[in-house]
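Read the structure below first, then the notes.
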Amino acid sequence: MQKNIYLLILLFSLVSCYTYQVKKPATPTIDSKQESKKGVALSNNTPATKNTTAGSPNLNSQPAPINIQEKLSPNKNVRIDVDGRTYKVIVDKWESDSLVAHPVHNPKKILKFHKNQINAERIAEKRFSQPIADIITVVAYASIGVGIWALLQ
């Protein structure tokens with residue numbers, strides 16, 4: 001029984017509510033109703049419909065290119081993929097086209113990466129994960145309940 005308790009304590013000490021998550025760019029979605037309305041609007045050649053369709057943004061355009069320097073601003077805790085290797089770093093600054101950062105648990109070591117080496121699609125920011133926190137809370141309450149039940153028996 002004590003081995004199980006020690007195992008649970010060890011597992012709880014290793015679990016973190018913070019995870020590295022890749023921020024996905026917002027892509028506009030088009031419903032089939034909107035497409036049919038757009039087709040009807042394009043088939044009508046009245047001046048009123050021309051003005052409304054001319055003012056609408058182009059929904060079929062390609063997403064804007066990812067700006068690495070905006071994503072990797074100073075003092076951010078991120079996980080980046082550089083030439084096939086993954087690094088968990090804290091961004092210090094940008095020196096022209098080079099990122100200056102240090103590993104998360106080693107502030108004395110300085111790492112420099114050129115912006116062309118960094119995979120912009122795999123930049124993950126460290127964020128608080130509410131579902132993991134909820135799971136940890138439920139498990140903690142359940143283990144407290146089991147502990148009280150075991151003491152009363």
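Here's how to read the names in the structure tokens: chain A, B, ... by the order shown, residue numbers from 1 in each chain, ligand numbers from 1 in the order shown.
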
Skipping near chain neighbours, those fewer than 3 positions away, what residues fall within 9 Å of Ala120 in chain A using only C-alpha atoms, listed as number ranges by chain? A: 66-68, 71, 80-81, 115-116, 123

Restricted to all heavy atoms, what would the selected residues look like written as a compact mmCIF listing (two decimals), in the first residue's frame?
# COMPACT_ATOMS: atom_id res chain seq x y z
N ILE A 66 3.74 33.53 -41.93
CA ILE A 66 3.99 33.61 -40.50
C ILE A 66 5.24 34.44 -40.26
O ILE A 66 6.30 34.17 -40.80
CB ILE A 66 4.15 32.20 -39.91
CG1 ILE A 66 2.89 31.39 -40.15
CG2 ILE A 66 4.47 32.27 -38.43
CD1 ILE A 66 3.03 29.93 -39.84
N ASN A 67 5.13 35.48 -39.43
CA ASN A 67 6.27 36.31 -39.08
C ASN A 67 6.88 35.74 -37.80
O ASN A 67 6.28 35.81 -36.73
CB ASN A 67 5.83 37.75 -38.89
CG ASN A 67 7.02 38.67 -38.71
OD1 ASN A 67 8.17 38.22 -38.64
ND2 ASN A 67 6.74 39.96 -38.64
N ILE A 68 8.07 35.18 -37.92
CA ILE A 68 8.73 34.52 -36.80
C ILE A 68 9.10 35.53 -35.71
O ILE A 68 8.98 35.23 -34.53
CB ILE A 68 9.99 33.77 -37.30
CG1 ILE A 68 9.57 32.65 -38.24
CG2 ILE A 68 10.78 33.22 -36.14
CD1 ILE A 68 10.74 31.92 -38.86
N LYS A 71 6.14 36.18 -33.49
CA LYS A 71 5.80 35.03 -32.65
C LYS A 71 6.80 34.85 -31.51
O LYS A 71 6.43 34.44 -30.41
CB LYS A 71 5.79 33.75 -33.48
CG LYS A 71 4.51 33.49 -34.20
CD LYS A 71 4.59 32.16 -34.88
CE LYS A 71 3.30 31.41 -34.72
NZ LYS A 71 3.34 30.11 -35.36
N ILE A 80 10.88 25.38 -29.91
CA ILE A 80 11.10 25.60 -31.33
C ILE A 80 11.79 24.39 -31.95
O ILE A 80 12.47 23.63 -31.27
CB ILE A 80 11.94 26.88 -31.59
CG1 ILE A 80 13.28 26.82 -30.86
CG2 ILE A 80 11.16 28.12 -31.20
CD1 ILE A 80 14.19 27.98 -31.17
N ASP A 81 11.60 24.23 -33.24
CA ASP A 81 12.21 23.15 -34.00
C ASP A 81 13.24 23.79 -34.94
O ASP A 81 12.87 24.57 -35.82
CB ASP A 81 11.14 22.40 -34.79
CG ASP A 81 11.68 21.15 -35.45
OD1 ASP A 81 12.54 20.49 -34.83
OD2 ASP A 81 11.26 20.84 -36.58
N LYS A 115 16.85 33.02 -38.42
CA LYS A 115 15.41 32.86 -38.57
C LYS A 115 15.04 31.86 -39.67
O LYS A 115 13.97 31.28 -39.64
CB LYS A 115 14.72 34.20 -38.79
CG LYS A 115 14.92 34.83 -40.13
CD LYS A 115 14.09 36.09 -40.22
CE LYS A 115 14.19 36.67 -41.61
NZ LYS A 115 13.38 37.87 -41.72
N ASN A 116 15.95 31.63 -40.63
CA ASN A 116 15.68 30.65 -41.68
C ASN A 116 15.83 29.22 -41.17
O ASN A 116 15.33 28.28 -41.79
CB ASN A 116 16.60 30.87 -42.87
CG ASN A 116 16.30 32.17 -43.59
OD1 ASN A 116 15.21 32.72 -43.47
ND2 ASN A 116 17.27 32.67 -44.32
N ILE A 123 6.42 26.30 -33.92
CA ILE A 123 6.68 27.12 -32.74
C ILE A 123 5.53 26.93 -31.76
O ILE A 123 4.38 27.23 -32.07
CB ILE A 123 6.85 28.60 -33.11
CG1 ILE A 123 8.04 28.79 -34.03
CG2 ILE A 123 6.98 29.45 -31.86
CD1 ILE A 123 8.18 30.18 -34.59

What's the 10 Å shell around range 132-140 of chain A, counting only C-alpha atoms, without same-chain residues fewer than 2 positions away, as a VMD selection string? chain A and resid 8 12 15 to 19 128 to 130 142 to 146

Nearest to Thr86 in chain A: which of A:Leu7, A:Ile110, A:Ile118, A:Leu72 is it, counting only C-alpha atoms?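 Using only C-alpha atoms, the shortest distance to Thr86 in chain A belongs to A:Ile118.
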
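Rounded to one decimal, CA of Tyr20 in chain A and CA of Tyr6 in chain A lie 27.8 Å from each other.
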
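Between His102 in chain A and the candidates A:Lys3, A:Lys126, A:Lys23, A:Lys88, the tightest atom-to-atom separation, counting only C-alpha atoms, involves A:Lys88.
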
Skip range 92-95 of chain A itself and residues of its chain fewer than 2 positions away, then list as an mmCIF file with N, CA, C and O atoms, in the first residue's frame all residues within 8 Å of it, counting only C-alpha atoms.
data_model
loop_
_atom_site.group_PDB
_atom_site.id
_atom_site.type_symbol
_atom_site.label_atom_id
_atom_site.label_comp_id
_atom_site.auth_asym_id
_atom_site.auth_seq_id
_atom_site.Cartn_x
_atom_site.Cartn_y
_atom_site.Cartn_z
ATOM 1 N N GLN A 69 9.508 36.714 -36.102
ATOM 2 C CA GLN A 69 9.932 37.704 -35.114
ATOM 3 C C GLN A 69 8.766 38.175 -34.245
ATOM 4 O O GLN A 69 8.965 38.512 -33.086
ATOM 5 N N SER A 73 8.684 36.852 -29.414
ATOM 6 C CA SER A 73 9.029 38.111 -28.768
ATOM 7 C C SER A 73 9.809 37.830 -27.482
ATOM 8 O O SER A 73 9.758 36.724 -26.952
ATOM 9 N N PRO A 74 10.560 38.805 -26.981
ATOM 10 C CA PRO A 74 11.398 38.595 -25.795
ATOM 11 C C PRO A 74 10.603 38.121 -24.574
ATOM 12 O O PRO A 74 9.445 38.467 -24.393
ATOM 13 N N ASN A 75 11.270 37.325 -23.754
ATOM 14 C CA ASN A 75 10.759 36.765 -22.500
ATOM 15 C C ASN A 75 9.645 35.737 -22.687
ATOM 16 O O ASN A 75 8.950 35.420 -21.734
ATOM 17 N N ILE A 90 13.885 30.229 -23.671
ATOM 18 C CA ILE A 90 13.287 31.516 -23.336
ATOM 19 C C ILE A 90 13.962 32.552 -24.225
ATOM 20 O O ILE A 90 15.191 32.666 -24.238
ATOM 21 N N ASP A 97 18.720 39.261 -37.960
ATOM 22 C CA ASP A 97 17.974 38.063 -38.357
ATOM 23 C C ASP A 97 18.268 36.860 -37.475
ATOM 24 O O ASP A 97 17.900 35.742 -37.810
ATOM 25 N N SER A 98 18.921 37.049 -36.353
ATOM 26 C CA SER A 98 19.280 35.939 -35.473
ATOM 27 C C SER A 98 18.525 36.035 -34.143
ATOM 28 O O SER A 98 18.424 37.099 -33.552
ATOM 29 N N LEU A 99 18.031 34.887 -33.713
ATOM 30 C CA LEU A 99 17.358 34.790 -32.420
ATOM 31 C C LEU A 99 18.379 34.444 -31.356
ATOM 32 O O LEU A 99 19.144 33.500 -31.500
ATOM 33 N N VAL A 100 18.410 35.239 -30.292
ATOM 34 C CA VAL A 100 19.280 34.968 -29.149
ATOM 35 C C VAL A 100 18.374 34.492 -28.025
ATOM 36 O O VAL A 100 17.453 35.189 -27.623
ATOM 37 N N ALA A 101 18.651 33.277 -27.525
ATOM 38 C CA ALA A 101 17.815 32.689 -26.480
ATOM 39 C C ALA A 101 18.679 31.851 -25.556
ATOM 40 O O ALA A 101 19.854 31.605 -25.837
ATOM 41 N N HIS A 102 18.084 31.421 -24.446
ATOM 42 C CA HIS A 102 18.778 30.505 -23.542
ATOM 43 C C HIS A 102 17.831 29.363 -23.182
ATOM 44 O O HIS A 102 16.615 29.544 -23.166
#

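CA of Tyr141 in chain A to CA of Gln2 in chain A spans 18.6 Å [interatomic distance, one decimal].
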
CA of Glu70 in chain A and CA of Val89 in chain A are how many Å apart?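 It comes out at 15.9 Å.
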
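Each of A:Gln21, A:Asn4, A:Val82, A:Leu10 was checked against Ala124 in chain A using only C-alpha atoms; the smallest atom-to-atom distance is that of A:Gln21.
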